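So the structure is just underneath, and the comments pick up after that.
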Amino acid sequence: MDSKIKEERQRIFTGKKIYHKKLAELPFEEKIKISRRLAKVAKNIKER
Amino acid sequence: MISNEKSERLIEDYAIGDGVGTMYYTEPITTYDLDIFITIKNEGQGIILLTPIFEYLKNKGYKWSGEHVILDGYPVQFIVANDLEKDAIKNARDITYQGVKTKVMGPEHLIAILLKAGRGKDILKVRMILEQYTIDDKRLYKILTRYKLREKYKKVTGNANG
């Protein structure tokens with residue numbers, strides 16, 4: 001059972017790494033747009 | 001805007017750093033402003049005056065919010081570069097953003113600058129660059145050695161070769 005959990009954790013972790021790397025490959029313009037949206041959301045949450 | 005300022009000789013050279021600079025090499029991150037590191041022509045004569053730059057921007061109609069100039073709704077901060085940052089500007093990469101040529105600091109210099117700053121959010125950016133971009137190890141170690149940052153690098157990454 002322990003090894004299955006370990007395996008699953010490894011799968012999720014590796015998947016996350018691939019996901020983050022794919023996002024890192026987005027065009028710079030696209031990243032800026034996403035970042036600005038993230039900042040707006042964060043600002044709204046802070047102001048609540 | 002910066003290219004115009006450069007051509008009008010207010011700014012000697014510049015490069016994008018910190019959050020937006022990091023994001024060139026990593027996934028998108030939450031950044032509230034754009035930090036532009038600059039070198040000025042008449043530097044070395046005591047106090048560095050940014051007044052001509054601020055006047056220039058004011059005359060061009062740019063609005064201000066605290067220490068930021070607002071460009072396309074994005075707060076931009078000008079930071080006069082220290083020695084490490086000057087080195088980063090000198091070795092910055094030429095990129096194109098929305099059809100305009102600009103400069104972004106290289107990942108190895110960014111790592112060194114972020115390590116030197118050393119806040120939690122800076123260290124997080126260091127880890128992101130290392131994880132998501134292939135850096136030039138030799139170049140990084142050269143910079144870390146020159147600016148005495150190898151110990152800090154070791155602590156942050158646990159890399160014995162730091």
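As shown in the structure tokens, the chain order sets the letters A, B, ...; within each chain, residues go from 1, and ligands are also counted from 1 in the order they appear.
All residues of protein, DNA or RNA that reach within 8 Å of stretch 26-38 of chain A, judged by only C-alpha atoms and not counting those fewer than 2 positions away in the chain, are Lys22, Leu23, Ala24, Lys40, Val41 and Ala42 of chain A; Val20, Met23, Tyr24, Glu27, Pro28, Ile29, Thr30, Thr31, Tyr32, Tyr97 and Gln98 of chain B.
Using only C-alpha atoms, the protein and nucleic acid residues lying no more than 12 Å from B:Thr145, apart from those fewer than 5 places from it along its own chain, are B:Leu84, B:His109, B:Ala112, B:Lys138, B:Arg139, B:Leu140, B:Arg150, B:Glu151, B:Lys152, B:Tyr153, B:Lys154, B:Asn161, B:Gly162.
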Could you write out the selected residues, including C-alpha atoms, as a PDB file, in the first residue's frame?
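Dumped everything to selection.pdb:
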ATOM      1  CA  LEU B  84      25.758  43.269 -10.002  1.00  0.00           C
ATOM      2  CA  HIS B 109      22.181  37.110 -13.383  1.00  0.00           C
ATOM      3  CA  ALA B 112      22.307  36.101  -8.425  1.00  0.00           C
ATOM      4  CA  LYS B 138      29.417  27.645 -15.673  1.00  0.00           C
ATOM      5  CA  ARG B 139      28.104  31.130 -16.231  1.00  0.00           C
ATOM      6  CA  LEU B 140      26.060  31.012 -13.027  1.00  0.00           C
ATOM      7  CA  ARG B 150      28.023  30.758  -3.595  1.00  0.00           C
ATOM      8  CA  GLU B 151      27.304  30.131   0.080  1.00  0.00           C
ATOM      9  CA  LYS B 152      23.808  31.587  -0.272  1.00  0.00           C
ATOM     10  CA  TYR B 153      23.234  29.480  -3.373  1.00  0.00           C
ATOM     11  CA  LYS B 154      24.301  26.346  -1.508  1.00  0.00           C
ATOM     12  CA  ASN B 161      28.747  22.302  -6.196  1.00  0.00           C
ATOM     13  CA  GLY B 162      27.476  25.824  -5.535  1.00  0.00           C
TER      14      GLY B 162
END
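Distance annotation: of B:Leu50, B:Leu110, B:Val76, B:Ile129, the residue with the minimal separation from chain A is B:Ile129; atom set is only C-alpha atoms.
Distances from B:Gly106, B:Ile11, B:Gln77, B:Arg93 to B:Ser65 were compared using only C-alpha atoms, and the smallest one belongs to B:Gln77.
When atom CA of A:Ile18 is paired with atom CA of B:Gly158, their separation reads 22.4 Å.
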Next item on the list: Give the alpha helix (DSSP H) residues of stretch 56-152 of chain B, as assigned by DSSP on the backbone, as a ChimeraX atom specification.
Entry: /B:56-59,83-90,107-117,120-132,137-146,150-152
Can you write out the residues you just picked, keeping C-alpha atoms, as a PDB file, in the first residue's frame?
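Output (out29.pdb):
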ATOM      1  CA  TYR B  56      10.497  63.606 -19.481  1.00  0.00           C
ATOM      2  CA  LEU B  57       7.764  61.097 -18.627  1.00  0.00           C
ATOM      3  CA  LYS B  58       5.558  63.777 -17.102  1.00  0.00           C
ATOM      4  CA  ASN B  59       5.869  65.865 -20.257  1.00  0.00           C
ATOM      5  CA  ASP B  83      27.364  46.699  -9.682  1.00  0.00           C
ATOM      6  CA  LEU B  84      25.758  43.269 -10.002  1.00  0.00           C
ATOM      7  CA  GLU B  85      22.718  44.730 -11.736  1.00  0.00           C
ATOM      8  CA  LYS B  86      24.956  46.744 -14.076  1.00  0.00           C
ATOM      9  CA  ASP B  87      26.663  43.508 -15.042  1.00  0.00           C
ATOM     10  CA  ALA B  88      23.218  41.994 -15.663  1.00  0.00           C
ATOM     11  CA  ILE B  89      22.218  44.942 -17.868  1.00  0.00           C
ATOM     12  CA  LYS B  90      25.461  44.682 -19.835  1.00  0.00           C
ATOM     13  CA  PRO B 107      18.532  33.842 -15.966  1.00  0.00           C
ATOM     14  CA  GLU B 108      21.962  33.431 -14.315  1.00  0.00           C
ATOM     15  CA  HIS B 109      22.181  37.110 -13.383  1.00  0.00           C
ATOM     16  CA  LEU B 110      18.565  37.079 -12.220  1.00  0.00           C
ATOM     17  CA  ILE B 111      19.349  34.181  -9.893  1.00  0.00           C
ATOM     18  CA  ALA B 112      22.307  36.101  -8.425  1.00  0.00           C
ATOM     19  CA  ILE B 113      20.261  39.297  -7.944  1.00  0.00           C
ATOM     20  CA  LEU B 114      17.370  37.395  -6.359  1.00  0.00           C
ATOM     21  CA  LEU B 115      19.753  35.517  -4.064  1.00  0.00           C
ATOM     22  CA  LYS B 116      21.311  38.783  -2.974  1.00  0.00           C
ATOM     23  CA  ALA B 117      17.870  40.245  -2.199  1.00  0.00           C
ATOM     24  CA  GLY B 120      11.153  34.539   0.652  1.00  0.00           C
ATOM     25  CA  LYS B 121       9.547  35.549  -2.642  1.00  0.00           C
ATOM     26  CA  ASP B 122      12.985  36.034  -4.220  1.00  0.00           C
ATOM     27  CA  ILE B 123      14.131  32.560  -3.212  1.00  0.00           C
ATOM     28  CA  LEU B 124      10.922  31.138  -4.640  1.00  0.00           C
ATOM     29  CA  LYS B 125      11.739  32.784  -7.975  1.00  0.00           C
ATOM     30  CA  VAL B 126      15.274  31.329  -7.870  1.00  0.00           C
ATOM     31  CA  ARG B 127      13.811  27.858  -7.403  1.00  0.00           C
ATOM     32  CA  MET B 128      11.336  28.389 -10.242  1.00  0.00           C
ATOM     33  CA  ILE B 129      14.050  29.445 -12.682  1.00  0.00           C
ATOM     34  CA  LEU B 130      16.228  26.479 -11.730  1.00  0.00           C
ATOM     35  CA  GLU B 131      13.317  24.077 -12.087  1.00  0.00           C
ATOM     36  CA  GLN B 132      11.777  25.413 -15.270  1.00  0.00           C
ATOM     37  CA  ASP B 137      25.942  26.333 -14.876  1.00  0.00           C
ATOM     38  CA  LYS B 138      29.417  27.645 -15.673  1.00  0.00           C
ATOM     39  CA  ARG B 139      28.104  31.130 -16.231  1.00  0.00           C
ATOM     40  CA  LEU B 140      26.060  31.012 -13.027  1.00  0.00           C
ATOM     41  CA  TYR B 141      28.986  29.839 -10.871  1.00  0.00           C
ATOM     42  CA  LYS B 142      31.203  32.533 -12.367  1.00  0.00           C
ATOM     43  CA  ILE B 143      28.680  35.214 -11.371  1.00  0.00           C
ATOM     44  CA  LEU B 144      28.062  33.677  -7.940  1.00  0.00           C
ATOM     45  CA  THR B 145      31.806  33.578  -7.283  1.00  0.00           C
ATOM     46  CA  ARG B 146      32.386  37.138  -8.476  1.00  0.00           C
ATOM     47  CA  ARG B 150      28.023  30.758  -3.595  1.00  0.00           C
ATOM     48  CA  GLU B 151      27.304  30.131   0.080  1.00  0.00           C
ATOM     49  CA  LYS B 152      23.808  31.587  -0.272  1.00  0.00           C
TER      50      LYS B 152
END
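The closest residue to B:Tyr133, picked from B:Val100, B:Thr26, B:Pro52, B:Gly73 and counting only C-alpha atoms, is B:Thr26.
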